[in-house]
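Asker: Before I ask anything, here is the structure I am working with.
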Amino acid sequence: MSGPVLCVTLAGRSAAIDAAAVHSVVELGALTPVPRAPAHILGLAALRSRTLTVIDSRAALGLAAAPGPLPAGQQAVITDIDGHAYALLVDDVAGVSDLAGEPEPIIGRAGPGWERVARGAGDTAFGPALLIDLPALVAGLPAMAA
Amino acid sequence: MDDLLADFVAETRDMMQAMAGELVAWERTPDDRESLDTIFRFVHTVKGNCGFFDFPRLERLSHAAETALADVRSGNRTVDVRLVDAVLAIIDRIGELTDAIEGGSDLDRGDDEHLIAALEDGAGALRDMAPLLAAETIGTSAPAPTAPQRSIRLPLDLIDRVMSDVSDLVLARNELARTLRLGAPDTGDGTLERLSAIIDSLRDGVTRMRMQRIDTLFGALPRLVRDLAADLGKEVLVDCEGGDVELDRELIEMLRDPLTHIIRNAVDHGIEPPHQRIAAGKHEEGVLKLHARQADNRIHLEITDDGRGIDGERLVAKAVEAGLCTAAEGAAYDRRERQQLIFHPGLSTAAAVTAVSGRGVGMDVVRANIERIGGAIKVCSEPGQGTRFTLALPLTLSIVPSLTVCSGGQMFAIPRGVVEEIVHAGNAALDFARMGDALLANVRGRRMGCLSLADVLGLSAAQAAENAPLVLIRLAGGDLFALAVDRVLDHEDLVIKPVAPAIMQLGLYAGATLLDSGEPVMMLDMASIARTHAMLRDHADRTATAPAADRVQGHRPRTAGLTVLVYTSLAGRRRAIRMDRVMRIERVARTDADCGGARPQIAIDGAILPLAGCETGIAPGDRPLTILRLAADNPAAGEIALAIDAIEDTALLEGPVLPPLGSGQPLLGSAMIGGALCELVDCDALFAAHRPALIGAAR
């Protein structure tokens, strides 16, 4: 991952997302649930005339989802994967930073969910963060584990 | 690639596509001056265009073909098979080189000498040189799979129209902006109306830009069939009709593979070799007919061959062999069911695997592909007479007329094409029955499986399915089932877009759309839902699921014995008829029946059938008449219609049948069914009485 990264708080942890893959950061409005969808797909939301698939990052990491309806002003990172637009729920967006040096392997056990979606660790202007592989996060848990 | 080169490639492709049919026509009738001229013009144009570029191979090839064809035109040379083959080979090579040019490959390597030499008068036949040609590479790096066409040609007036709509749109916007600035919103209505009219017109224009004549699909077929037939030692004439029907470009691309597959099958398995055809009393040349027509917002495409038809017996044997059904079940399938086996994965009746087809991968994929684009495919075959595939396709992929419904507090859309009827709760003609966990709805004598949409989606329904409005869904294959929803909302034209793969994989949704309010709504995939919930008659899905739901749709239970349909005759008698003779159950207006004359008749679907069962006359009324369409043992004997009052149920015939009491009625006797006496109808006697001429002719 070269170039700037978007630093966010994801499920309570610092994470960095390749800024080139990020379309925008928006506040989500109303959500349409999709019955029978995997747990990490919260539903669909509309952004202008596009349909977004809303990904609950906590559930995608195998963590317990935040209970209750989405808080007003819930922030989401919009990204395009294979022609489909996804909105990833994030707790907070810190800002855009350059990565200091090359990504490094993660030291210690990050937890299975994090290890599945992280491509390493790196230093940003906002502190150390896990580098998130977006397609892996969007794919959610492997079917076997779910 | 510079623009000039792109134009050259596009023009060459266009010409080749337009010419493919001419080549075959020319081979068939070498005297046909018009076809010859078209081909000559093509090679001449290619040669001329090569002058702008440095393509010595193309130039030599086209020059050689031009010279040979010029000789034919001037009468110095007669056309023979060798010449046609040689010219075809050269044109194919020109096509390959054009692809290579587009792919930016190096053209310098490679050798076309054999092709050019084959053009010489008195040269050896090209077919004998096949090994040589195989060794000869076209000299380009691996040809990339041809990408779908990325540029199109459009009529100028269409673009002008769209541009003028855009200008109007700008004017309307300015006017609207002015109105808003003045703060007098009540005057904005007229402008808004004009704006939507312009957008409609624009949408129509852009839709037409996406349309393509189905000719572009048909164009390549004569050549495909010619080459296939030549490989297989068969003679096949292709007859295309309705090439001017227009279809969405994307659809045409998605149809290409399935159609090619059907045609390959028809030529390979359907049409017999000439000697067999002559022995069967047919013309030695087989005929493959393609017929496209538009009806409402669907395109119907028929592919008919006059070959040997589908061998239902062998399909059943294969299915038994593959463990898809037991021998007893297989024996119980009727003709239609047997033929439908062709769409089952892994079944092929080809005795041997050939290069052309016969690996048993195919028709199931064809059906899946057609269904994916919202179409339907049916097969109908007469052994010894031929096979017809009927494809019904939507006009365009993007805008779907839909019905919106509410279930579990959420809105969903159903394509209107599959909605047959909406039945409101509490309708007197509606009742329900439970078979195990399966729910059956009986709507005016028609029994069908009933699903609760809330159950399917894991939501909680506002009321039990028995008290809910039902949407009757008629799937493309003819299967009917009822879907209970909380509320039926509205009809809307929706723009359906695909959603994330993780959602599509659920097999519940066909896509999503945004309503006027900006709220996303899921479009339900009814075919897939029906499949996973065993609402289909298709035996393949039946084997894995409870039989209760589909049994009522005219299916015999999987037990040995004769299944009968129990009904009440117009005269009020309780009767039963062999289920396998009942092709369809229809409801028609009473006025369509004519039982005044010596020979009662009825009009169904534009056909006139002899009508039985109305000896006591038909009481007038608004209630539609229930008709059983019956087929004779011998399919050539056609159909007759049997008018009845109401269908009771299907039942298994057990116990003795008592002989009839000489009533002069077409009865086999009486039996106990469901604890009560029931008269058993003699189908053959019915046919003998109502289609005597046809029976005689068929025997």
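Letters A, B, ... mark the chains of the structure tokens in the order given; residue numbers begin at 1 per chain; ligand numbers begin at 1, in order shown.
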Dump as a ChimeraX atom specification the residues of chain B that approach chain A to within 8 Å, counting only C-alpha atoms.
Answerer: /B:457-459,499-500,502-503,506,512-514,518-522
Asker: Go ahead and write the selection's residues with N, CA and C atoms as a short mmCIF file (atom, residue, chain, number, x, y, z; two decimals), in the first residue's frame.
Answerer:
data_model
loop_
_atom_site.label_atom_id
_atom_site.label_comp_id
_atom_site.auth_asym_id
_atom_site.auth_seq_id
_atom_site.Cartn_x
_atom_site.Cartn_y
_atom_site.Cartn_z
N LEU B 457 -38.93 -14.91 3.75
CA LEU B 457 -37.90 -13.93 4.07
C LEU B 457 -37.54 -13.92 5.54
N GLY B 458 -38.19 -14.77 6.33
CA GLY B 458 -37.88 -14.80 7.76
C GLY B 458 -38.39 -13.58 8.50
N LEU B 459 -39.45 -12.98 7.99
CA LEU B 459 -40.05 -11.83 8.68
C LEU B 459 -41.31 -12.31 9.39
N VAL B 499 -27.45 -5.98 -7.27
CA VAL B 499 -26.91 -5.62 -5.97
C VAL B 499 -25.68 -6.47 -5.68
N ALA B 500 -25.10 -6.27 -4.53
CA ALA B 500 -23.86 -6.94 -4.17
C ALA B 500 -23.99 -8.46 -4.30
N ALA B 502 -23.05 -10.88 -2.56
CA ALA B 502 -23.43 -11.60 -1.33
C ALA B 502 -24.94 -11.63 -1.18
N ILE B 503 -25.63 -10.60 -1.72
CA ILE B 503 -27.09 -10.56 -1.62
C ILE B 503 -27.71 -11.36 -2.75
N LEU B 506 -28.23 -15.12 -2.32
CA LEU B 506 -29.26 -15.65 -1.45
C LEU B 506 -30.32 -16.37 -2.25
N ALA B 512 -32.16 -4.53 -7.00
CA ALA B 512 -32.78 -3.52 -6.15
C ALA B 512 -33.13 -2.31 -6.99
N THR B 513 -34.02 -1.51 -6.49
CA THR B 513 -34.41 -0.32 -7.21
C THR B 513 -34.61 0.80 -6.19
N LEU B 514 -34.58 2.03 -6.67
CA LEU B 514 -34.86 3.15 -5.79
C LEU B 514 -36.24 3.69 -6.12
N GLY B 518 -36.59 7.73 -2.90
CA GLY B 518 -35.17 7.48 -2.69
C GLY B 518 -34.92 6.26 -1.83
N GLU B 519 -36.00 5.56 -1.48
CA GLU B 519 -35.86 4.39 -0.62
C GLU B 519 -35.54 3.16 -1.47
N PRO B 520 -34.50 2.41 -1.10
CA PRO B 520 -34.21 1.20 -1.87
C PRO B 520 -35.27 0.13 -1.62
N VAL B 521 -35.60 -0.61 -2.66
CA VAL B 521 -36.56 -1.70 -2.54
C VAL B 521 -35.98 -2.91 -3.25
N MET B 522 -36.12 -4.08 -2.64
CA MET B 522 -35.60 -5.30 -3.25
C MET B 522 -36.60 -5.87 -4.23
#
Asker: Near region 332-342 of chain B, within 7 Å and counting only C-alpha atoms, which residues show up once chain neighbours fewer than 4 positions away are dropped, as a PyMOL selection string?
Answerer: chain B and resi 310+312+315-316+328+347+363+580
Asker: Could the residues in this selection be saved with N, CA and C atoms as a PDB file, in the first residue's frame?
Answerer:
ATOM      1  N   ILE B 310     -36.950 -35.308 -29.856  1.00  0.00           N
ATOM      2  CA  ILE B 310     -36.267 -35.686 -28.625  1.00  0.00           C
ATOM      3  C   ILE B 310     -36.722 -37.076 -28.210  1.00  0.00           C
ATOM      4  N   GLY B 312     -37.646 -39.188 -25.700  1.00  0.00           N
ATOM      5  CA  GLY B 312     -38.040 -39.129 -24.292  1.00  0.00           C
ATOM      6  C   GLY B 312     -37.650 -40.392 -23.536  1.00  0.00           C
ATOM      7  N   LEU B 315     -34.055 -40.289 -22.651  1.00  0.00           N
ATOM      8  CA  LEU B 315     -33.810 -39.320 -21.578  1.00  0.00           C
ATOM      9  C   LEU B 315     -34.181 -39.922 -20.234  1.00  0.00           C
ATOM     10  N   VAL B 316     -35.320 -40.603 -20.213  1.00  0.00           N
ATOM     11  CA  VAL B 316     -35.752 -41.217 -18.958  1.00  0.00           C
ATOM     12  C   VAL B 316     -34.739 -42.276 -18.535  1.00  0.00           C
ATOM     13  N   ALA B 328     -39.722 -46.574 -11.940  1.00  0.00           N
ATOM     14  CA  ALA B 328     -41.180 -46.460 -11.884  1.00  0.00           C
ATOM     15  C   ALA B 328     -41.613 -45.021 -12.100  1.00  0.00           C
ATOM     16  N   LEU B 347     -27.562 -34.608 -18.451  1.00  0.00           N
ATOM     17  CA  LEU B 347     -28.243 -35.560 -19.320  1.00  0.00           C
ATOM     18  C   LEU B 347     -28.043 -35.176 -20.773  1.00  0.00           C
ATOM     19  N   MET B 363     -27.888 -27.826 -22.099  1.00  0.00           N
ATOM     20  CA  MET B 363     -29.233 -27.271 -22.066  1.00  0.00           C
ATOM     21  C   MET B 363     -29.572 -26.724 -20.683  1.00  0.00           C
ATOM     22  N   ASP B 580     -52.458 -38.602 -17.017  1.00  0.00           N
ATOM     23  CA  ASP B 580     -51.398 -38.414 -18.016  1.00  0.00           C
ATOM     24  C   ASP B 580     -51.967 -37.977 -19.361  1.00  0.00           C
TER      25      ASP B 580
END
Asker: Got a sec: who's within 6 Å of region 116-130 of chain A, counting only C-alpha atoms, leaving out chain neighbours fewer than 4 positions off, as a ChimeraX atom specification?
Answerer: /A:14-16,97,99-100,103-106,136-137
Asker: Extract, using only C-alpha atoms, all DNA, RNA and protein residues at most 12 Å from Asp37 (chain B), discarding same-chain residues fewer than 3 positions from it, and format them as a PyMOL selection string.
Answerer: chain B and resi 19+22-23+26+30-34+40-45+66+69-70+72-74
Asker: From a DSSP pass on the backbone, collect the residues of chain A flagged as strand (DSSP E) and hand them back as a PyMOL selection string.
Answerer: chain A and resi 5-10+13-18+22-27+41-47+50-55+75-81+84-90+92-97+100-104+118-124+127-132
Asker: I need the chosen residues saved as a compact mmCIF listing (two decimals), in the first residue's frame, with C-alpha atoms.
Answerer:
# COMPACT_ATOMS: atom_id res chain seq x y z
CA VAL A 5 -4.40 6.24 3.69
CA LEU A 6 -7.66 7.20 5.34
CA CYS A 7 -7.38 6.77 9.09
CA VAL A 8 -10.56 5.67 10.80
CA THR A 9 -11.73 4.09 14.00
CA LEU A 10 -13.19 0.73 13.10
CA ARG A 13 -9.59 0.25 16.89
CA SER A 14 -7.41 2.44 14.70
CA ALA A 15 -7.42 1.29 11.11
CA ALA A 16 -6.09 2.62 7.83
CA ILE A 17 -7.77 2.25 4.45
CA ASP A 18 -6.09 2.87 1.10
CA VAL A 22 -12.31 5.36 -0.91
CA HIS A 23 -14.98 7.09 -2.89
CA SER A 24 -16.23 9.34 -0.12
CA VAL A 25 -17.20 9.46 3.53
CA VAL A 26 -20.88 10.11 4.18
CA GLU A 27 -23.41 10.19 6.97
CA ILE A 41 -24.90 -6.89 5.55
CA LEU A 42 -27.04 -4.44 7.45
CA GLY A 43 -29.11 -3.51 4.43
CA LEU A 44 -29.27 -1.05 1.57
CA ALA A 45 -29.04 2.71 1.64
CA ALA A 46 -29.36 5.25 -1.13
CA LEU A 47 -26.65 7.74 -1.97
CA ARG A 50 -26.92 4.83 -6.23
CA THR A 51 -27.75 1.91 -4.04
CA LEU A 52 -25.21 1.18 -1.32
CA THR A 53 -24.78 -2.13 0.39
CA VAL A 54 -24.18 -1.26 4.03
CA ILE A 55 -21.59 -3.41 5.77
CA GLN A 75 -20.48 7.70 9.35
CA ALA A 76 -19.65 5.32 6.56
CA VAL A 77 -16.80 4.96 4.12
CA ILE A 78 -18.02 4.45 0.53
CA THR A 79 -15.99 2.18 -1.70
CA ASP A 80 -16.48 0.45 -5.04
CA ILE A 81 -15.68 -3.23 -5.32
CA HIS A 84 -20.86 -2.44 -6.55
CA ALA A 85 -20.90 0.40 -4.04
CA TYR A 86 -20.46 -0.50 -0.39
CA ALA A 87 -20.79 1.62 2.72
CA LEU A 88 -18.60 0.48 5.63
CA LEU A 89 -19.71 1.62 9.02
CA VAL A 90 -16.91 3.36 10.92
CA ASP A 92 -14.95 7.89 13.51
CA VAL A 93 -12.82 9.33 10.72
CA ALA A 94 -9.54 10.90 11.80
CA GLY A 95 -8.20 12.11 8.46
CA VAL A 96 -5.90 11.30 5.58
CA SER A 97 -2.26 10.59 6.24
CA ALA A 100 5.50 6.11 7.29
CA GLY A 101 7.51 3.36 5.66
CA GLU A 102 6.36 0.00 4.38
CA PRO A 103 3.59 -2.03 6.07
CA GLU A 104 4.94 -4.37 8.72
CA ALA A 118 -5.55 -6.81 7.91
CA ARG A 119 -2.69 -6.65 5.46
CA GLY A 120 -0.22 -5.53 8.06
CA ALA A 121 0.38 -2.63 10.39
CA GLY A 122 1.76 0.82 9.71
CA ASP A 123 2.45 4.18 11.26
CA THR A 124 0.26 7.09 10.30
CA GLY A 127 -0.68 6.78 15.33
CA PRO A 128 -0.18 3.09 14.51
CA ALA A 129 -3.02 1.43 12.63
CA LEU A 130 -3.96 -1.86 10.99
CA LEU A 131 -4.06 -1.68 7.20
CA ILE A 132 -7.45 -2.94 6.11
Asker: Counting only C-alpha atoms, what is within 7 Å of Arg581 (chain B), bar same-chain residues fewer than 3 positions away, as a short mmCIF file (atom, residue, chain, number, x, y, z; two decimals) with N, CA and C atoms, in the first residue's frame?
Answerer:
data_model
loop_
_atom_site.label_atom_id
_atom_site.label_comp_id
_atom_site.auth_asym_id
_atom_site.auth_seq_id
_atom_site.Cartn_x
_atom_site.Cartn_y
_atom_site.Cartn_z
N ARG B 578 -57.80 -40.22 -16.66
CA ARG B 578 -56.36 -40.47 -16.49
C ARG B 578 -55.58 -39.18 -16.54
N LEU B 630 -57.05 -32.60 -23.53
CA LEU B 630 -56.62 -33.99 -23.49
C LEU B 630 -55.80 -34.32 -24.73
N ALA B 631 -54.81 -35.15 -24.54
CA ALA B 631 -54.02 -35.62 -25.67
C ALA B 631 -54.26 -37.12 -25.82
N ALA B 632 -54.22 -37.58 -27.07
CA ALA B 632 -54.38 -39.01 -27.31
C ALA B 632 -53.05 -39.71 -27.07
#
Asker: By how many Å are CA of Leu565 (chain B) and CA of Arg531 (chain B) apart?
Answerer: 24.9 Å
Asker: Identify, with DSSP run on backbone atoms, the residues in region 185-309 of chain B assigned to alpha helix (DSSP H), and express the list as a PyMOL selection string.
Answerer: chain B and resi 188-210+215-218+221-232+249-265+274-279
Asker: Using only C-alpha atoms, determine which residues lie at most 10 Å from Leu115 (chain B), disregarding the query and same-chain residues fewer than 4 positions distant; provide the list as a count of residues only.
Answerer: 16
Asker: When you look at Ala18 (chain B) with a cut-off of 9 Å (counting only C-alpha atoms), what residues show up, excluding the ones that are within fewer than 5 positions of it in the same chain? I need them as a PyMOL selection string.
Answerer: chain B and resi 13+215-216+219-220
Asker: Export, as a PDB file, in the first residue's frame, the selected residues with N, CA, C and O atoms.
Answerer:
ATOM      1  N   ARG B  13     -15.509  -5.514 -39.717  1.00  0.00           N
ATOM      2  CA  ARG B  13     -16.385  -6.375 -38.925  1.00  0.00           C
ATOM      3  C   ARG B  13     -17.827  -6.252 -39.370  1.00  0.00           C
ATOM      4  O   ARG B  13     -18.523  -7.240 -39.569  1.00  0.00           O
ATOM      5  N   ASP B 215     -31.291  -9.340 -36.394  1.00  0.00           N
ATOM      6  CA  ASP B 215     -30.504  -9.744 -37.561  1.00  0.00           C
ATOM      7  C   ASP B 215     -29.024  -9.917 -37.226  1.00  0.00           C
ATOM      8  O   ASP B 215     -28.358 -10.804 -37.759  1.00  0.00           O
ATOM      9  N   THR B 216     -28.520  -9.036 -36.339  1.00  0.00           N
ATOM     10  CA  THR B 216     -27.103  -9.113 -36.010  1.00  0.00           C
ATOM     11  C   THR B 216     -26.792 -10.448 -35.344  1.00  0.00           C
ATOM     12  O   THR B 216     -25.670 -10.920 -35.388  1.00  0.00           O
ATOM     13  N   GLY B 219     -27.403 -13.130 -38.352  1.00  0.00           N
ATOM     14  CA  GLY B 219     -26.471 -13.015 -39.474  1.00  0.00           C
ATOM     15  C   GLY B 219     -25.427 -14.110 -39.512  1.00  0.00           C
ATOM     16  O   GLY B 219     -25.118 -14.651 -40.581  1.00  0.00           O
ATOM     17  N   ALA B 220     -24.892 -14.441 -38.349  1.00  0.00           N
ATOM     18  CA  ALA B 220     -23.778 -15.379 -38.320  1.00  0.00           C
ATOM     19  C   ALA B 220     -24.258 -16.832 -38.387  1.00  0.00           C
ATOM     20  O   ALA B 220     -23.452 -17.734 -38.553  1.00  0.00           O
TER      21      ALA B 220
END
Asker: What is the CA of Asp268 (chain B) to CA of Val225 (chain B) distance in Å?
Answerer: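 Atom-to-atom, CA of Asp268 (chain B) to CA of Val225 (chain B), that is 9.8 Å.
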